[in-house]
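Peer 1: My structure file coords34.cif, mmCIF, C-alpha atoms, is below:
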```
data_target
loop_
_atom_site.label_atom_id
_atom_site.label_comp_id
_atom_site.auth_asym_id
_atom_site.auth_seq_id
_atom_site.Cartn_x
_atom_site.Cartn_y
_atom_site.Cartn_z
CA MET S 68 144.95 -71.33 8.72
CA ARG S 69 148.46 -72.74 8.35
CA VAL S 70 151.33 -70.35 7.63
CA LYS S 71 154.88 -71.27 6.67
CA ALA S 72 157.59 -68.66 6.18
CA LYS S 73 161.06 -69.40 4.84
CA LEU S 74 163.70 -66.68 5.10
CA LYS S 75 166.55 -66.72 2.58
CA GLY S 76 168.83 -63.70 2.82
CA ASP S 77 166.38 -60.84 3.33
CA VAL S 78 163.61 -62.37 1.22
CA VAL S 79 160.89 -64.38 2.92
CA THR S 80 158.56 -66.71 1.04
CA VAL S 81 155.24 -66.97 2.84
CA LYS S 82 152.88 -69.88 2.16
CA VAL S 83 149.35 -69.68 3.51
CA LEU S 84 146.82 -72.50 3.57
CA ILE S 85 143.32 -71.51 4.65
CA LYS S 86 140.80 -74.16 5.65
CA HIS S 87 137.63 -72.87 4.02
CA PRO S 88 134.79 -74.38 1.91
CA MET S 89 134.83 -71.51 -0.64
CA GLU S 90 131.15 -72.01 -1.49
CA SER S 91 130.47 -70.07 -4.69
CA GLY S 92 126.71 -69.86 -4.15
CA ARG S 93 126.17 -71.90 -7.33
CA ARG S 94 126.26 -75.39 -5.86
CA LYS S 95 123.19 -77.34 -4.78
CA ASP S 96 122.88 -79.87 -1.99
CA GLU S 97 121.35 -83.34 -2.42
CA ALA S 98 117.84 -81.95 -1.89
CA GLY S 99 118.38 -79.42 -4.69
CA ASN S 100 118.67 -76.38 -2.43
CA VAL S 101 121.27 -73.79 -3.36
CA ILE S 102 124.14 -73.71 -0.86
CA ALA S 103 124.66 -70.10 0.23
CA ALA S 104 127.79 -68.32 -0.97
CA LYS S 105 130.59 -68.20 1.57
CA TYR S 106 134.09 -67.52 0.31
CA VAL S 107 137.20 -65.70 1.45
CA THR S 108 137.19 -62.15 0.04
CA THR S 109 140.25 -60.55 1.63
CA THR S 110 143.53 -61.86 3.02
CA THR S 111 146.01 -59.38 4.50
CA ALA S 112 149.45 -59.43 6.09
CA HIS S 113 151.01 -56.85 8.39
CA VAL S 114 154.47 -56.54 9.95
CA ALA S 115 154.57 -54.40 13.12
CA GLY S 116 151.27 -52.80 12.13
CA VAL S 117 152.41 -51.88 8.60
CA GLN S 118 150.48 -53.55 5.79
CA VAL S 119 152.68 -55.61 3.46
CA PHE S 120 150.18 -57.78 1.53
CA GLU S 121 146.58 -57.82 0.38
CA LEU S 122 144.74 -60.33 -1.74
CA ASN S 123 141.15 -59.76 -2.76
CA SER S 124 139.54 -62.94 -3.97
CA GLY S 125 136.35 -64.16 -5.60
CA ALA S 126 134.35 -67.35 -5.84
CA GLY S 127 136.83 -68.78 -8.38
CA VAL S 128 139.53 -69.55 -5.84
CA SER S 129 139.80 -73.27 -4.97
CA LYS S 130 138.40 -74.77 -1.79
CA ASN S 131 140.97 -74.55 1.03
CA PRO S 132 142.86 -71.66 -0.63
CA PHE S 133 146.64 -71.77 -1.00
CA ILE S 134 148.47 -68.45 -1.39
CA GLN S 135 152.17 -67.73 -1.78
CA PHE S 136 153.84 -64.31 -1.65
CA LYS S 137 157.35 -62.94 -1.13
CA LEU S 138 158.58 -60.02 0.98
CA GLU S 139 161.92 -58.26 0.64
CA GLY S 140 163.85 -56.50 3.40
CA ARG S 141 162.80 -58.87 6.17
CA ALA S 142 164.94 -60.31 8.97
CA ALA S 143 164.79 -63.07 11.58
CA GLY S 144 162.55 -62.04 14.45
CA ASP S 145 160.05 -60.18 12.27
CA VAL S 146 156.47 -61.21 12.99
CA ILE S 147 154.01 -61.45 10.11
CA ASP S 148 150.35 -61.14 11.15
CA LEU S 149 147.87 -62.71 8.73
CA LYS S 150 144.12 -62.34 8.63
CA TRP S 151 141.36 -63.44 6.28
CA THR S 152 137.75 -62.27 6.04
CA ASP S 153 135.00 -64.10 4.15
CA SER S 154 131.78 -63.00 2.47
CA ALA S 155 129.81 -63.96 5.58
CA GLY S 156 131.99 -61.70 7.75
CA ASP S 157 133.88 -64.52 9.47
CA THR S 158 137.58 -63.96 10.11
CA GLU S 159 140.65 -65.85 11.28
CA GLU S 160 144.06 -64.56 12.33
CA SER S 161 147.45 -66.21 12.58
CA SER S 162 151.02 -65.03 13.10
CA VAL S 163 154.40 -66.39 12.12
CA THR S 164 157.81 -65.35 13.47
CA LEU S 165 160.69 -65.41 10.97
CA LYS S 166 163.75 -67.43 11.89
CA MET C 149 119.18 -35.22 25.96
CA SER C 150 120.61 -31.73 26.28
CA LEU C 151 123.34 -30.62 23.95
CA THR C 152 126.20 -29.46 26.15
CA ARG C 153 129.35 -28.06 24.62
CA ARG C 154 131.19 -31.28 25.54
CA SER C 155 128.69 -33.67 23.96
CA MET C 156 128.59 -31.47 20.87
CA LEU C 157 132.36 -31.71 20.56
CA LYS C 158 132.16 -35.49 20.90
CA ARG C 159 129.66 -35.60 18.07
CA ILE C 160 131.86 -33.49 15.84
CA VAL C 161 134.81 -35.83 16.46
CA ALA C 162 132.66 -38.90 15.78
CA GLY C 163 131.25 -37.28 12.64
CA SER C 164 134.67 -36.51 11.23
CA ALA C 165 135.77 -40.12 11.83
CA VAL C 166 132.84 -41.26 9.69
CA ALA C 167 133.78 -38.73 7.03
CA LEU C 168 137.20 -40.39 6.73
CA VAL C 169 135.71 -43.77 5.81
CA PRO C 170 135.44 -43.13 2.04
CA PHE C 171 139.23 -42.82 1.85
CA SER C 172 139.83 -46.25 3.38
CA ALA C 173 136.94 -47.69 1.34
CA PHE C 174 139.34 -47.43 -1.61
CA ALA C 175 141.08 -50.52 -0.25
CA GLU C 176 137.91 -52.55 0.14
CA TRP C 177 136.80 -55.60 -1.81
CA MET C 178 135.38 -54.50 -5.16
CA GLU C 179 132.05 -56.27 -5.33
CA ALA C 180 131.20 -55.05 -8.86
CA ALA C 181 134.47 -56.48 -10.20
CA PHE C 182 134.26 -59.83 -8.41
CA LYS C 183 130.61 -60.31 -9.39
CA ALA C 184 131.07 -59.22 -13.02
CA ASP C 185 129.93 -62.08 -15.29
CA SER C 186 132.31 -61.52 -18.20
CA TYR C 187 136.03 -60.89 -18.64
CA GLN C 188 135.40 -57.56 -20.37
CA SER C 189 133.06 -56.23 -17.69
CA GLY C 190 135.44 -57.42 -14.98
CA LEU C 191 138.31 -55.69 -16.76
CA ALA C 192 136.27 -52.49 -16.92
CA ALA C 193 135.35 -52.80 -13.24
CA ILE C 194 139.01 -52.88 -12.20
CA GLY C 195 139.76 -49.93 -14.51
CA ALA C 196 141.98 -51.91 -16.88
CA GLU C 197 140.13 -51.52 -20.19
CA GLY C 198 142.45 -51.48 -23.17
CA ALA C 199 145.11 -53.60 -21.44
CA THR C 200 147.82 -54.70 -23.87
CA PRO C 201 149.88 -57.93 -23.92
CA SER C 202 153.37 -57.63 -22.44
CA ASP C 203 156.26 -60.09 -22.17
CA LYS C 204 157.02 -58.47 -18.80
CA VAL C 205 154.03 -60.29 -17.36
CA LYS C 206 154.67 -63.97 -16.68
CA LEU C 207 151.85 -66.41 -16.16
CA LYS C 208 152.46 -70.05 -15.35
CA ALA C 209 149.52 -72.42 -15.53
CA PRO C 210 149.29 -76.08 -16.56
CA GLU C 211 148.43 -76.82 -20.21
CA ILE C 212 146.18 -79.61 -19.06
CA ALA C 213 144.42 -79.66 -15.70
CA GLU C 214 143.02 -83.08 -14.85
CA ASN C 215 141.24 -81.60 -11.88
CA GLY C 216 139.54 -78.28 -12.65
CA ALA C 217 138.82 -77.79 -8.96
CA VAL C 218 142.48 -77.09 -8.16
CA VAL C 219 144.51 -75.40 -10.90
CA PRO C 220 147.84 -74.01 -9.67
CA ILE C 221 148.70 -70.59 -11.13
CA GLN C 222 151.82 -68.48 -10.72
CA VAL C 223 151.97 -64.88 -11.84
CA SER C 224 154.90 -62.48 -11.76
CA SER C 225 156.01 -59.29 -13.45
CA SER C 226 159.25 -57.47 -14.20
CA LEU C 227 157.43 -54.17 -14.85
CA ASP C 228 158.31 -51.10 -12.76
CA ASN C 229 155.80 -49.53 -10.37
CA VAL C 230 153.38 -52.45 -10.26
CA GLU C 231 150.15 -51.37 -8.55
CA SER C 232 148.11 -54.58 -8.71
CA ILE C 233 148.00 -58.00 -10.34
CA SER C 234 144.63 -59.53 -11.20
CA LEU C 235 143.79 -63.03 -12.40
CA PHE C 236 140.83 -63.86 -14.61
CA VAL C 237 139.48 -67.26 -15.69
CA GLU C 238 137.65 -66.19 -18.85
CA LYS C 239 134.94 -68.86 -18.89
CA ASN C 240 134.15 -68.99 -15.18
CA PRO C 241 130.73 -67.56 -14.18
CA THR C 242 132.57 -64.72 -12.43
CA PRO C 243 135.92 -64.46 -14.26
CA LEU C 244 137.79 -62.21 -11.79
CA THR C 245 139.33 -64.70 -9.38
CA ALA C 246 141.99 -62.80 -7.49
CA GLN C 247 143.58 -59.38 -7.21
CA PHE C 248 146.90 -58.88 -5.44
CA LYS C 249 147.65 -55.33 -4.32
CA MET C 250 151.20 -54.10 -4.07
CA PHE C 251 153.01 -52.69 -1.04
CA PRO C 252 156.63 -51.61 -0.46
CA GLY C 253 158.77 -54.75 -0.06
CA LEU C 254 156.19 -57.06 -1.63
CA LYS C 255 157.52 -58.83 -4.73
CA PRO C 256 155.22 -59.03 -7.76
CA ASP C 257 155.39 -62.83 -7.70
CA PHE C 258 152.42 -64.83 -6.43
CA LYS C 259 150.97 -68.32 -6.43
CA ILE C 260 147.33 -69.25 -5.96
CA ARG C 261 145.00 -72.10 -6.90
CA ALA C 262 141.92 -71.46 -9.00
CA ARG C 263 138.77 -73.38 -9.77
CA MET C 264 137.92 -73.90 -13.46
CA GLY C 265 134.59 -75.22 -14.70
CA GLU C 266 135.78 -75.86 -18.25
CA THR C 267 138.70 -75.34 -20.65
CA SER C 268 139.43 -71.62 -20.65
CA LYS C 269 141.99 -68.91 -21.01
CA VAL C 270 143.58 -67.70 -17.78
CA ILE C 271 144.54 -64.04 -18.03
CA ALA C 272 146.84 -62.04 -15.76
CA VAL C 273 146.33 -58.28 -15.78
CA VAL C 274 149.09 -56.14 -14.28
CA LYS C 275 148.48 -52.47 -13.56
CA ALA C 276 151.75 -50.57 -13.57
CA GLY C 277 152.58 -46.91 -13.97
CA GLY C 278 148.97 -46.05 -14.78
CA LYS C 279 148.71 -48.58 -17.64
CA SER C 280 147.54 -52.19 -17.83
CA PHE C 281 149.36 -55.17 -19.29
CA THR C 282 148.31 -58.79 -19.81
CA ALA C 283 149.59 -62.31 -20.30
CA GLU C 284 147.37 -65.27 -21.02
CA SER C 285 147.53 -69.04 -21.07
CA GLU C 286 145.03 -71.66 -22.22
CA VAL C 287 144.27 -74.38 -19.67
CA LYS C 288 142.55 -77.51 -20.92
CA VAL C 289 140.31 -79.03 -18.25
CA THR C 290 139.70 -82.75 -18.69
CA ILE C 291 136.41 -83.76 -17.17
CA GLY C 292 136.09 -87.31 -15.99
CA GLY C 293 139.50 -87.44 -14.40
CA CYS C 294 140.99 -90.06 -16.76
CA GLY C 295 143.61 -87.66 -18.13
CA GLY C 296 144.51 -87.68 -21.81
#
```
The structure in this file should be written as structure tokens.

Peer 2:
Amino acid sequence: MRVKAKLKGDVVTVKVLIKHPMESGRRKDEAGNVIAAKYVTTTTAHVAGVQVFELNSGAGVSKNPFIQFKLEGRAAGDVIDLKWTDSAGDTEESSVTLK
Amino acid sequence: MSLTRRSMLKRIVAGSAVALVPFSAFAEWMEAAFKADSYQSGLAAIGAEGATPSDKVKLKAPEIAENGAVVPIQVSSSLDNVESISLFVEKNPTPLTAQFKMFPGLKPDFKIRARMGETSKVIAVVKAGGKSFTAESEVKVTIGGCGG
């Protein structure tokens, strides 16, 4: 997961790029076998333990999902903790410090 | 195993922690909505039946997408008390693609990239103040990748 955060005044624009196949469960491999569904279902962000963002997603989100959101009332030094969970239960976490 | 007063107390504490789960389950991924196979059933599953068009919901999507696998979408709203913003791709097998939930300090302005199997309407549904509002945009998907 790659996270970029740009602070302008007290508004931060957060861009998240998740490396993930986003298999819908509808695709078949070369042998004709259905490839099992595996896609990101939830992406959250917290600042100092307080939740500030949640995206719930389905199989219709593109492979390697890109997400952008904006937070008000933030300042340099704030740490944004991001986490995604997929339909197979796998997770990944990443943090970004605002500057 | 004998039931001492202490172990009984531990069980009561553990039991009450389990009893709290349904409250947090409210925030969990809504399987019925994300697996709904039509726009209308997805709309019903998120509790937004009877949503009406509003010019306070802004949806930006390309008129023509040469690559249906990556269609950039921006959605924002100037409505007060936004509770959630959902995106549907009407003709996808499971139309509900994304649902953003609102928190204090979070602006109702998001970007995401969706997958589209064919030319379809993209619909944004904003829940605000107990009502639901929509904006839609038709995206033409050119298959074959030659543009045009």

Peer 1: Taking all atoms listed in the file into account, which of S:Asp96, S:Ile85, S:Lys71, S:Val117 comes nearest Phe136 of chain S?

Peer 2: S:Lys71

Peer 1: Just checking: using all atoms listed in the file, which residue out of C:Lys239, C:Lys249, C:Lys288, C:Lys259 ends up closest to Ala276 of chain C?

Peer 2: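 Nearest to Ala276 of chain C: C:Lys249.
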
Peer 1: For a quick test of understanding: name the residues of chain C lying within 6 Å of chain S when counting all atoms listed in the file, and present them as a PyMOL selection string.

Peer 2: chain C and resi 182+218+245-249+251+253-255+258-263

Peer 1: If the PyMOL selection byres ((chain C and resi 268) around 9) is run on the structure shown, which residues does it catch, given as a CSV table (one decimal) with C-alpha atoms, keeping the file's coordinate frame?

Peer 2:
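The new file result18.csv reads:
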```csv
chain,number,residue,atom,x,y,z
C,237,VAL,CA,139.5,-67.3,-15.7
C,238,GLU,CA,137.6,-66.2,-18.8
C,239,LYS,CA,134.9,-68.9,-18.9
C,240,ASN,CA,134.2,-69.0,-15.2
C,264,MET,CA,137.9,-73.9,-13.5
C,265,GLY,CA,134.6,-75.2,-14.7
C,266,GLU,CA,135.8,-75.9,-18.2
C,267,THR,CA,138.7,-75.3,-20.6
C,269,LYS,CA,142.0,-68.9,-21.0
C,270,VAL,CA,143.6,-67.7,-17.8
C,285,SER,CA,147.5,-69.0,-21.1
C,286,GLU,CA,145.0,-71.7,-22.2
C,287,VAL,CA,144.3,-74.4,-19.7
C,288,LYS,CA,142.6,-77.5,-20.9
C,289,VAL,CA,140.3,-79.0,-18.2
```

Peer 1: Hey, what comes out of the PyMOL selection byres ((chain C and resi 195) around 12) on this file? Could you write it as a ChimeraX atom specification?

Peer 2: /C:178,180-181,188-194,196-199,232,234,273-275,278-281

Peer 1: I'd like the contact shell of Thr282 of chain C - 6 Å cut-off, all atoms listed in the file, skipping same-chain residues fewer than 3 positions apart - returned as a list of chain:residue names.

Peer 2: C:Thr200, C:Pro201, C:Ser202, C:Ala272, C:Val273

Peer 1: Which residues are near Pro210 of chain C? Cut-off 8 Å, all atoms listed in the file, ignore same chain within fewer than 2 positions. Put them as a PyMOL selection string.

Peer 2: chain C and resi 208+212-213+219-221+287

Peer 1: Please produce an output containing C-alpha atoms for each residue in the selection, written as a tab-separated table (two decimals), in the coordinates of the input.

Peer 2:
```
chain	number	residue	atom	x	y	z
C	208	LYS	CA	152.46	-70.05	-15.35
C	212	ILE	CA	146.18	-79.61	-19.06
C	213	ALA	CA	144.42	-79.66	-15.70
C	219	VAL	CA	144.51	-75.40	-10.90
C	220	PRO	CA	147.84	-74.01	-9.67
C	221	ILE	CA	148.70	-70.59	-11.13
C	287	VAL	CA	144.27	-74.38	-19.67
```

Peer 1: Rounded to one decimal, what separation in Å do you get between atom CA of Gly116 of chain S and atom CA of Ser225 of chain C?

Peer 2: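 Taking atom CA of Gly116 of chain S as the start and atom CA of Ser225 of chain C as the end point, the length is 26.8 Å.
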
Peer 1: Given the file shown, enumerate the residues that the PyMOL selection byres ((chain S and resi 90) around 6) captures and present them as number ranges by chain.

Peer 2: S: 88-89, 91-92, 104-106

Peer 1: Hey, can you check how far atom CA of Met68 of chain S sits from atom CA of Glu160 of chain S?

Peer 2: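 Between atom CA of Met68 of chain S and atom CA of Glu160 of chain S the gap is 7.7 Å.
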
Peer 1: Could you jot down the atom CA of Lys150 of chain S to atom CA of Ala115 of chain S separation for me, Å, one decimal place?

Peer 2: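 Computed distance, atom CA of Lys150 of chain S to atom CA of Ala115 of chain S, equals 13.9 Å.
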
Peer 1: Using all atoms listed in the file for the distances, tell me which of C:Met250, C:Asn215, C:Thr152, C:Ala283 is nearest to Ala112 of chain S.

Peer 2: C:Met250

Peer 1: Which is closest to Ala209 of chain C among C:Ala184, C:Leu235, C:Ser226, C:Pro252, if we use all atoms listed in the file?

Peer 2: C:Leu235

Peer 1: Find the residue from S:Ile147, S:Lys166, S:Val107, S:Asp157 that sits nearest to Gly76 of chain S; use all atoms listed in the file when measuring.

Peer 2: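 Distance minimum relative to Gly76 of chain S lands on S:Lys166.
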